[in-house]
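In what follows, a structure is listed as structure tokens, so that the remarks can point back to it.
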Amino acid sequence: MAMQRNSSTSSKIKLDFDQSTGVSVMHLQSPPVNSLSLDFLTEICITLEKLEMDKSCRGLIITSKQPKVFSAGLDIMEMYRKSPEHYAEFWKSVQEMWLKLYGCSMATIAAINGSCPAGGCLLSIACDYRIMGDNPRYSIGLNETLLGIVAPFWFKDNMVNTVGHRNTEMALQLGKLYNSSEALKIGLVDQLVAEDQILTAATETMAKWLAIPDHARQLTKSMMRKPTLDKLISNREDDIQHFVNFISKDSIQKSLGIYLEMLKKRKS
């Protein structure tokens, strides 16, 4: 039987849906490094919403079309020298992306084919399972403290749920980025495979997740994740306000400026 595939491409996301398996592959393609800008986050949210409503889609694999990087995390330009209204809108979209992905009823696998710091790490730990390319140059972690930024409570909660309290305490305070084998050791990723095998491995693993009756798996996932989701849902406005106040501080703007200068030098 020929595989039926539907492909749709928006500017920053390429979506392949295999009707025979009920699995969608979301390719992130926002050059150069899949930085999570307001536009990109909005597009991710709309895509997740559409897939969630499509009952024929049971599984989602998220991967990157950009070489050597899964996602470099939140777009710093969205947090630098903008209005409080802009910061609020941006932060709301970060919350929205996480709530939709962490709470989504589909089985989700992050096929991590490149580096995955900060917001990129959040995107991947919001999935049910993580497969990373076995390349010592790829790194993953919540490294916000290195920029003088504090990871919000829900980043922390998701990390604790993934690697436990002690590992999270070390990882967050030190802004630690783990290479692929270190990430496997602490359970930040679940499997390492050769780089050219990442999507194949994700497809094989997805078949195991989808062998479980959907309703039982979905209810179990909801039972495990609902308390963490509810914590943010009931504090969304406070969390936005907290972010806006924090990111607007002169000292924080200054350290973001220094970081952006450093990035510019690196490029040149």
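In the structure tokens, chains take the letters A, B, ... in the order shown, each chain's residues start at 1, and ligands count up from 1 in the order shown.
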
message: Could you pull out the strand (DSSP E) residues of range 61-123 of chain A, going by DSSP on the backbone, and write them as a VMD selection string?
response: chain A and resid 61 to 64 107 to 112 116 to 117

Could the residues in this selection be written to a file with C-alpha atoms, as a compact mmCIF listing (two decimals), in the first residue's frame?
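Below you can see result_32.txt, which holds the result:
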# COMPACT_ATOMS: atom_id res chain seq x y z
CA ILE A 61 7.53 14.34 15.92
CA ILE A 62 9.29 17.71 16.16
CA THR A 63 12.64 18.18 14.45
CA SER A 64 14.75 20.88 12.79
CA ALA A 107 2.11 11.39 21.71
CA THR A 108 5.02 13.78 21.13
CA ILE A 109 8.67 13.05 20.39
CA ALA A 110 11.46 15.60 20.05
CA ALA A 111 13.93 14.42 17.39
CA ILE A 112 16.84 16.61 18.46
CA CYS A 116 19.06 22.85 22.04
CA PRO A 117 19.68 25.53 24.70

Please build the interface table for range 70-100 of chain A against range 120-135 of chain A with a cut-off of 8 Å, listing for each qualifying residue the nearest atom pair and the distance in Å to one decimal; count only C-alpha atoms, order rows by chain and increasing number, and write it as a Markdown table.
| residue | atom | partner | partner_atom | distance |
| --- | --- | --- | --- | --- |
| A:Phe70 | CA | A:Gly120 | CA | 6.8 |
| A:Ser71 | CA | A:Gly120 | CA | 4.6 |
| A:Ala72 | CA | A:Gly120 | CA | 5.7 |
| A:Gly73 | CA | A:Gly120 | CA | 4.3 |
| A:Leu74 | CA | A:Gly120 | CA | 7.5 |
| A:Trp98 | CA | A:Ala126 | CA | 6.7 |

Writer output for current selection, N, CA and C atoms, as a compact mmCIF listing (two decimals), in the first residue's frame:
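Done, and the output landed in selection_18.txt:
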# COMPACT_ATOMS: atom_id res chain seq x y z
N PHE A 70 18.76 22.53 16.80
CA PHE A 70 17.34 22.18 16.95
C PHE A 70 16.56 23.49 17.11
N SER A 71 16.86 24.23 18.17
CA SER A 71 16.38 25.61 18.32
C SER A 71 17.29 26.30 19.31
N ALA A 72 17.72 27.52 18.95
CA ALA A 72 18.62 28.26 19.84
C ALA A 72 17.87 28.92 21.00
N GLY A 73 16.54 28.70 21.06
CA GLY A 73 15.78 29.24 22.19
C GLY A 73 15.06 30.53 21.87
N LEU A 74 14.61 31.22 22.91
CA LEU A 74 13.82 32.44 22.72
C LEU A 74 14.65 33.50 21.99
N TRP A 98 4.07 26.45 25.35
CA TRP A 98 4.36 25.40 26.33
C TRP A 98 3.08 24.70 26.81

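Take CA of Asp75 in chain A and CA of Leu41 in chain A: the distance between them is 10.0 Å.
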
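Closest to Ser115 in chain A among A:Met224, A:Leu60, A:Val33, A:Leu184 is A:Val33, based on only C-alpha atoms.
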
message: I'd like the contact shell of Lys14 in chain A - 12 Å cut-off, only C-alpha atoms, skipping same-chain residues fewer than 5 positions apart - returned as a ChimeraX atom specification.
response: /A:6-9,24-30,43-44,47,61-66

Keeping only N, CA, C and O atoms, write those residues as a PDB file, in the first residue's frame.
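Written out: result-v1.pdb:
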ATOM      1  N   ASN A   6       0.540  13.930   3.405  1.00  0.00           N
ATOM      2  CA  ASN A   6       0.117  15.303   3.156  1.00  0.00           C
ATOM      3  C   ASN A   6       1.237  16.200   3.633  1.00  0.00           C
ATOM      4  O   ASN A   6       1.705  16.043   4.746  1.00  0.00           O
ATOM      5  N   SER A   7       1.633  17.136   2.799  1.00  0.00           N
ATOM      6  CA  SER A   7       2.642  18.094   3.245  1.00  0.00           C
ATOM      7  C   SER A   7       2.048  19.479   3.198  1.00  0.00           C
ATOM      8  O   SER A   7       1.337  19.815   2.262  1.00  0.00           O
ATOM      9  N   SER A   8       2.321  20.259   4.231  1.00  0.00           N
ATOM     10  CA  SER A   8       1.945  21.663   4.150  1.00  0.00           C
ATOM     11  C   SER A   8       3.118  22.466   4.678  1.00  0.00           C
ATOM     12  O   SER A   8       3.798  22.045   5.604  1.00  0.00           O
ATOM     13  N   THR A   9       3.360  23.578   4.038  1.00  0.00           N
ATOM     14  CA  THR A   9       4.490  24.400   4.443  1.00  0.00           C
ATOM     15  C   THR A   9       4.022  25.815   4.683  1.00  0.00           C
ATOM     16  O   THR A   9       3.342  26.394   3.846  1.00  0.00           O
ATOM     17  N   SER A  24       2.420  13.032  12.391  1.00  0.00           N
ATOM     18  CA  SER A  24       2.892  14.250  11.733  1.00  0.00           C
ATOM     19  C   SER A  24       4.336  14.514  12.129  1.00  0.00           C
ATOM     20  O   SER A  24       4.706  14.292  13.285  1.00  0.00           O
ATOM     21  N   VAL A  25       5.122  15.004  11.187  1.00  0.00           N
ATOM     22  CA  VAL A  25       6.477  15.475  11.501  1.00  0.00           C
ATOM     23  C   VAL A  25       6.496  16.977  11.273  1.00  0.00           C
ATOM     24  O   VAL A  25       6.189  17.455  10.175  1.00  0.00           O
ATOM     25  N   MET A  26       6.816  17.717  12.341  1.00  0.00           N
ATOM     26  CA  MET A  26       6.919  19.163  12.244  1.00  0.00           C
ATOM     27  C   MET A  26       8.384  19.535  12.116  1.00  0.00           C
ATOM     28  O   MET A  26       9.171  19.318  13.033  1.00  0.00           O
ATOM     29  N   HIS A  27       8.754  20.082  10.943  1.00  0.00           N
ATOM     30  CA  HIS A  27      10.136  20.517  10.719  1.00  0.00           C
ATOM     31  C   HIS A  27      10.217  22.010  11.007  1.00  0.00           C
ATOM     32  O   HIS A  27       9.546  22.805  10.333  1.00  0.00           O
ATOM     33  N   LEU A  28      11.030  22.389  11.993  1.00  0.00           N
ATOM     34  CA  LEU A  28      11.202  23.808  12.309  1.00  0.00           C
ATOM     35  C   LEU A  28      12.196  24.396  11.312  1.00  0.00           C
ATOM     36  O   LEU A  28      13.303  23.898  11.172  1.00  0.00           O
ATOM     37  N   GLN A  29      11.789  25.457  10.619  1.00  0.00           N
ATOM     38  CA  GLN A  29      12.673  26.019   9.577  1.00  0.00           C
ATOM     39  C   GLN A  29      12.630  27.547   9.578  1.00  0.00           C
ATOM     40  O   GLN A  29      12.163  28.168   8.635  1.00  0.00           O
ATOM     41  N   SER A  30      13.132  28.105  10.677  1.00  0.00           N
ATOM     42  CA  SER A  30      13.232  29.563  10.761  1.00  0.00           C
ATOM     43  C   SER A  30      14.711  29.937  10.837  1.00  0.00           C
ATOM     44  O   SER A  30      15.297  29.953  11.916  1.00  0.00           O
ATOM     45  N   GLU A  43       3.083  30.734  15.114  1.00  0.00           N
ATOM     46  CA  GLU A  43       2.913  29.710  14.083  1.00  0.00           C
ATOM     47  C   GLU A  43       2.937  28.293  14.682  1.00  0.00           C
ATOM     48  O   GLU A  43       2.161  27.428  14.270  1.00  0.00           O
ATOM     49  N   ILE A  44       3.834  28.077  15.636  1.00  0.00           N
ATOM     50  CA  ILE A  44       3.899  26.772  16.316  1.00  0.00           C
ATOM     51  C   ILE A  44       2.565  26.504  17.031  1.00  0.00           C
ATOM     52  O   ILE A  44       2.004  25.407  16.936  1.00  0.00           O
ATOM     53  N   THR A  47      -0.217  25.665  14.569  1.00  0.00           N
ATOM     54  CA  THR A  47       0.001  24.312  14.032  1.00  0.00           C
ATOM     55  C   THR A  47      -0.410  23.258  15.057  1.00  0.00           C
ATOM     56  O   THR A  47      -1.106  22.285  14.720  1.00  0.00           O
ATOM     57  N   ILE A  61       6.069  14.313  15.781  1.00  0.00           N
ATOM     58  CA  ILE A  61       7.528  14.335  15.925  1.00  0.00           C
ATOM     59  C   ILE A  61       7.991  15.754  15.566  1.00  0.00           C
ATOM     60  O   ILE A  61       7.606  16.289  14.524  1.00  0.00           O
ATOM     61  N   ILE A  62       8.776  16.362  16.441  1.00  0.00           N
ATOM     62  CA  ILE A  62       9.286  17.707  16.165  1.00  0.00           C
ATOM     63  C   ILE A  62      10.787  17.633  15.908  1.00  0.00           C
ATOM     64  O   ILE A  62      11.531  17.034  16.696  1.00  0.00           O
ATOM     65  N   THR A  63      11.219  18.209  14.794  1.00  0.00           N
ATOM     66  CA  THR A  63      12.639  18.180  14.450  1.00  0.00           C
ATOM     67  C   THR A  63      13.007  19.484  13.739  1.00  0.00           C
ATOM     68  O   THR A  63      12.157  20.345  13.543  1.00  0.00           O
ATOM     69  N   SER A  64      14.278  19.622  13.374  1.00  0.00           N
ATOM     70  CA  SER A  64      14.747  20.883  12.788  1.00  0.00           C
ATOM     71  C   SER A  64      15.236  20.693  11.363  1.00  0.00           C
ATOM     72  O   SER A  64      15.832  19.674  11.031  1.00  0.00           O
ATOM     73  N   LYS A  65      14.964  21.701  10.545  1.00  0.00           N
ATOM     74  CA  LYS A  65      15.500  21.719   9.173  1.00  0.00           C
ATOM     75  C   LYS A  65      16.822  22.482   9.113  1.00  0.00           C
ATOM     76  O   LYS A  65      17.499  22.490   8.095  1.00  0.00           O
ATOM     77  N   GLN A  66      17.182  23.164  10.227  1.00  0.00           N
ATOM     78  CA  GLN A  66      18.405  23.969  10.228  1.00  0.00           C
ATOM     79  C   GLN A  66      19.609  23.097  10.613  1.00  0.00           C
ATOM     80  O   GLN A  66      19.509  22.295  11.540  1.00  0.00           O
TER      81      GLN A  66
END

Between range 1-93 of chain A and range 234-246 of chain A, at 7 Å or less, what are the per-residue closest atom pairs and their distances in Å? Count only C-alpha atoms, order by chain and rising residue number, and return it as JSON lines.
{"residue": "A:Pro84", "atom": "CA", "partner": "A:Val244", "partner_atom": "CA", "distance": 6.0}
{"residue": "A:Tyr87", "atom": "CA", "partner": "A:Val244", "partner_atom": "CA", "distance": 5.8}
{"residue": "A:Ala88", "atom": "CA", "partner": "A:Ile240", "partner_atom": "CA", "distance": 5.8}
{"residue": "A:Trp91", "atom": "CA", "partner": "A:Ile240", "partner_atom": "CA", "distance": 6.2}
{"residue": "A:Lys92", "atom": "CA", "partner": "A:Ile240", "partner_atom": "CA", "distance": 6.7}
